[in-house]
Amino acid sequence: MRRLLLRSSNPFRLSPRWMLISYAILGLWAFIVLFPLYWLFVTSFKLPIDVSSGPKYIPFVDFQPSLHAWEEMLVTNGPDYVGRPYTMTLIVGLNSALASLVIGSGAAYALTRFQYRPKPGLIVTFVGCIFAMAILMSQGIPWQFAVVLGLVIYFLLAQTIGRRFRGTMNNDDIAFWLISQRILPPITVIIPIYILFQQLGMLDTPQALIVSYSAANIPIVVWFMRDYFQTLPLEIEESAFIDGANRLQVLVRIMLPLAIPGLIATFLIVLVFSWNEYVIALFLSGSQTQTMPLLVSGQNGVRGPQWWNMSVLVGLMIAPLIILAVVLERYIAKGLLIGAVKG
Amino acid sequence: MENMNRSRAIQSSIFAQAKSYITRSRTGHHDNTARMAFLLPTILIILFLSLFPLIVSLYLSFAKVAFVKGGVTITFVGTANYHKLFFGSNQRHLLGALGEMSLIGWLICLATTAFMAYWFYRYMTSPKRKLLGVFFRLVAALMTSGLVWLTVSTLSDKGVPGTLVVTLVFVAGGVFFQYTIGLLLALLLVQNLPGKRFFRVVFLLPMMITPVGVGFLFRMMADTSVGPLVPLWVSLGLKDFSWAQTGSGARTAVLVSDIWQWTPFMFIILLAALEGVSREQIEAGLVDGATRLSLFRYIILPEIAPVSLTLILIRLIEAFKIIDLPRILTGGGPGTATESLTLNAFNEWRTLNLGGSAALGYVLLIIVTFVAVMFVNTVRQKILEWL
């Protein structure tokens, strides 16, 4: 009722002139957004001659559309040419999005429901011991021996010096530390990761991509899902505990259904990030695990002026994203809002 | 009154009992396992794929890395990599060449330096002064003035901007236009015009599209011989002009595509923030005869400021990582005119100069952290105070 009154109240009515201006600006931006996509679409149906003879805009009027480029990309080059990178992108994207969602939202849940009091001293000691182990191993000492030695040193130090460090951290510190990983440019950490996978003989495998994409996406998941879990009332859970449910039951029966909207939104965003990911793939993947962005950027160097062929590739790469955006716009917008509005 | 107090006291004691029951059940044996099981995977992954590589990378940036059969050899070379970047053969690549500053350029530099000096002086004379604070503020003042001077000078006549300045230009220009356009569109759409849902969906699109694809789209758009905008270029007398041949032209092309791609992010969230502004307040303002401008300044802006600042921070951080757009659109050229720091580091890695690449990564990390910290601690606070 109140809303209705407000709607019809005078101050919000717009003058026709103002409405015209608004629509003009909105229409202009809509045109700016849609035109490149339209151009990509029609270019994929052009013959080489239609591209090189200057701009042609409207099919059937300016030029006769043909399936020439589609045929060359999908049939002449063999189905594997696009099929393999496509399935690779899909496999890596889905797996890494799922992995980061499960792992990250677990952490997000824990950070809103449990109290953690880690001691900085113990953490520094732990990290130091891992490094000591790594150095020992690089000196050619067998890894079993190094691990045992590292653990022994850690427990000795933890019992003696570690406890002396004053101060504790809390959940907010952990969350801040996790989320602040987004500041890190991937280029700063990728070289050691490259060397690591190279030493493990895992370069150019989907597993390497999945693990590193997940690591890149987990901070986003923790950030979004933590904010989402904070909006879910604690009381429901508490009353379930009083009724005698255990942690697992509460999680599966109560929290999971409540968290589904947030999980879907976060999953979509992370999936899009993985689908579009470029830098990590540049370093870690090779001919076996080429992803779509890599195929497009590689072909851009080789057949840059062949717009008709490139348009087919780019169109295939972005088609699922556009469908996703149109169908699930609300979910995606919601997902972005969880993260950004609360900061 | 007394009754109410008593009932409240009873209530709270019941809650306290319930709470203690819950906490007891939570600190049970099972929950201790759950506590670790939930958090540990994330911590371990971040440790092994983020923190350790970061530390190793720091070491690599002081080393020469070579691949040999069956392994790598890492030789410590001290600051040689950084020396090469800042003073040696890569100086021109990273920092660029200084140009002849115009009067306006000098004024900008002087104004920044004076402002930073004033800011530092204010802190020095304030009673809250601490040694660490003085140190950090001195570094911040010097770095800001230095970066502004470098940017202005290399972008002047005869100057050649290095990858550092190019990255800064992409970040500053991109974020500024994305925010302005996003805010304008959100302000127009929050008026509940018919067709809102259509515009929302359309405006979201560019954000979803693979940056590599966006790069190719704008490669076609920027073509002045067979591209779709040829009639426009001809009417502007730019027929023989090629974007890819002048540094500033190529930078504009990259900037435009970046703005096209990331305006939606600003738009979507600003729209939600604007929808949260209370209608009663705006109505009261309108009844009092406030103009659109003063409505915006005194009612809307203070309400959306916190969200805006978070948004800008997120985009600032993400924009520093730019590589795909310049790599596809211009290949970093002409020369190094559109080469971002990430692209520069990638190119170093391709020539197997892993140490140099790691050093560049660290330069980027330091700049990002510096900008983010300055933004959160200083710029953000000042803006919120001012509003």
# chains A, B, ... in the order shown; residues from 1 in each chain; ligands from 1
>>> residues_around(residues="Gly276 in chain B", least_positions_apart="3", cutoff="10 Å", atoms="only C-alpha atoms", output="mmCIF file with N, CA and C atoms, in the first residue's frame")
data_model
loop_
_atom_site.group_PDB
_atom_site.id
_atom_site.type_symbol
_atom_site.label_atom_id
_atom_site.label_comp_id
_atom_site.auth_asym_id
_atom_site.auth_seq_id
_atom_site.Cartn_x
_atom_site.Cartn_y
_atom_site.Cartn_z
ATOM 1 N N LEU B 270 26.521 -0.630 -8.192
ATOM 2 C CA LEU B 270 26.040 0.714 -7.881
ATOM 3 C C LEU B 270 24.521 0.783 -7.997
ATOM 4 N N LEU B 271 23.975 0.042 -8.960
ATOM 5 C CA LEU B 271 22.510 0.033 -9.105
ATOM 6 C C LEU B 271 21.864 -0.506 -7.834
ATOM 7 N N ALA B 272 22.420 -1.612 -7.313
ATOM 8 C CA ALA B 272 21.863 -2.177 -6.081
ATOM 9 C C ALA B 272 22.008 -1.190 -4.927
ATOM 10 N N ALA B 273 23.164 -0.521 -4.869
ATOM 11 C CA ALA B 273 23.382 0.437 -3.788
ATOM 12 C C ALA B 273 22.394 1.594 -3.897
ATOM 13 N N ARG B 279 13.742 6.022 -0.184
ATOM 14 C CA ARG B 279 12.922 6.872 -1.040
ATOM 15 C C ARG B 279 12.344 8.035 -0.266
ATOM 16 N N ILE B 300 22.330 11.131 -1.894
ATOM 17 C CA ILE B 300 22.717 9.878 -2.538
ATOM 18 C C ILE B 300 24.195 9.564 -2.324
ATOM 19 N N GLU B 303 25.373 8.016 0.888
ATOM 20 C CA GLU B 303 24.861 6.654 1.085
ATOM 21 C C GLU B 303 25.620 5.627 0.261
ATOM 22 N N ILE B 304 26.028 6.001 -0.949
ATOM 23 C CA ILE B 304 26.695 5.001 -1.788
ATOM 24 C C ILE B 304 28.214 5.073 -1.677
#
>>> residues_around(residues="Gly99 in chain B", least_positions_apart="3", cutoff="9 Å", atoms="only C-alpha atoms", output="PyMOL selection string")
chain B and resi 152-160
>>> write_last_selection(atoms="N, CA and C atoms", output="CSV table (one decimal), in the first residue's frame")
chain,number,residue,atom,x,y,z
B,152,VAL,N,54.1,11.7,-15.5
B,152,VAL,CA,54.0,13.0,-16.2
B,152,VAL,C,55.1,13.1,-17.2
B,153,SER,N,56.3,12.9,-16.7
B,153,SER,CA,57.5,13.1,-17.5
B,153,SER,C,57.6,12.2,-18.7
B,154,THR,N,57.3,10.9,-18.5
B,154,THR,CA,57.4,10.0,-19.6
B,154,THR,C,56.3,10.1,-20.6
B,155,LEU,N,55.2,10.7,-20.2
B,155,LEU,CA,54.1,10.9,-21.1
B,155,LEU,C,54.2,12.2,-21.8
B,156,SER,N,55.2,13.0,-21.5
B,156,SER,CA,55.3,14.3,-22.2
B,156,SER,C,56.0,14.1,-23.5
B,157,ASP,N,56.2,15.3,-24.2
B,157,ASP,CA,56.8,15.2,-25.5
B,157,ASP,C,58.2,14.5,-25.4
B,158,LYS,N,58.5,13.7,-26.4
B,158,LYS,CA,59.8,13.0,-26.5
B,158,LYS,C,60.0,12.0,-25.4
B,159,GLY,N,59.0,11.8,-24.5
B,159,GLY,CA,59.2,10.8,-23.5
B,159,GLY,C,58.7,9.5,-24.0
B,160,VAL,N,59.2,8.4,-23.4
B,160,VAL,CA,58.7,7.1,-23.8
B,160,VAL,C,58.2,6.4,-22.5
>>> residues_around(residues="Ala34 in chain B", least_positions_apart="6", cutoff="12 Å", atoms="only C-alpha atoms", output="number ranges by chain")
A: 106-107, 109-111, 113-115, 246-248, 251; B: 26-28, 40-41
>>> closest_residue(among="A:Leu232, A:Met169, A:Leu184, A:Met202", to="chain B", atoms="only C-alpha atoms")
A:Leu184
>>> closest_residue(among="A:Glu71, A:Phe224, A:Ile32, A:Pro85", to="Phe45 in chain A", atoms="only C-alpha atoms")
A:Glu71
>>> closest_residue(among="B:Pro161, B:Gly227, B:Gly285, B:Gly88", to="Glu339 in chain B", atoms="only C-alpha atoms")
B:Pro161
>>> closest_residue(among="A:Val222, A:Val124, A:Met310, A:Val92", to="Arg219 in chain B", atoms="only C-alpha atoms")
A:Met310
>>> residues_around(residues="Ala111 in chain B", least_positions_apart="6", cutoff="10 Å", atoms="only C-alpha atoms", output="number ranges by chain")
B: 105, 117, 145
>>> write_last_selection(atoms="N, CA and C atoms", output="PDB file, in the first residue's frame")
ATOM      1  N   GLY B 105      52.625  20.038 -16.926  1.00  0.00           N
ATOM      2  CA  GLY B 105      53.270  18.885 -16.319  1.00  0.00           C
ATOM      3  C   GLY B 105      54.001  19.278 -15.047  1.00  0.00           C
ATOM      4  N   ALA B 117      54.013  16.843   0.806  1.00  0.00           N
ATOM      5  CA  ALA B 117      54.845  17.460   1.841  1.00  0.00           C
ATOM      6  C   ALA B 117      53.960  18.018   2.952  1.00  0.00           C
ATOM      7  N   SER B 145      55.030  11.013  -4.976  1.00  0.00           N
ATOM      8  CA  SER B 145      55.598  12.092  -5.782  1.00  0.00           C
ATOM      9  C   SER B 145      56.427  11.530  -6.922  1.00  0.00           C
TER      10      SER B 145
END
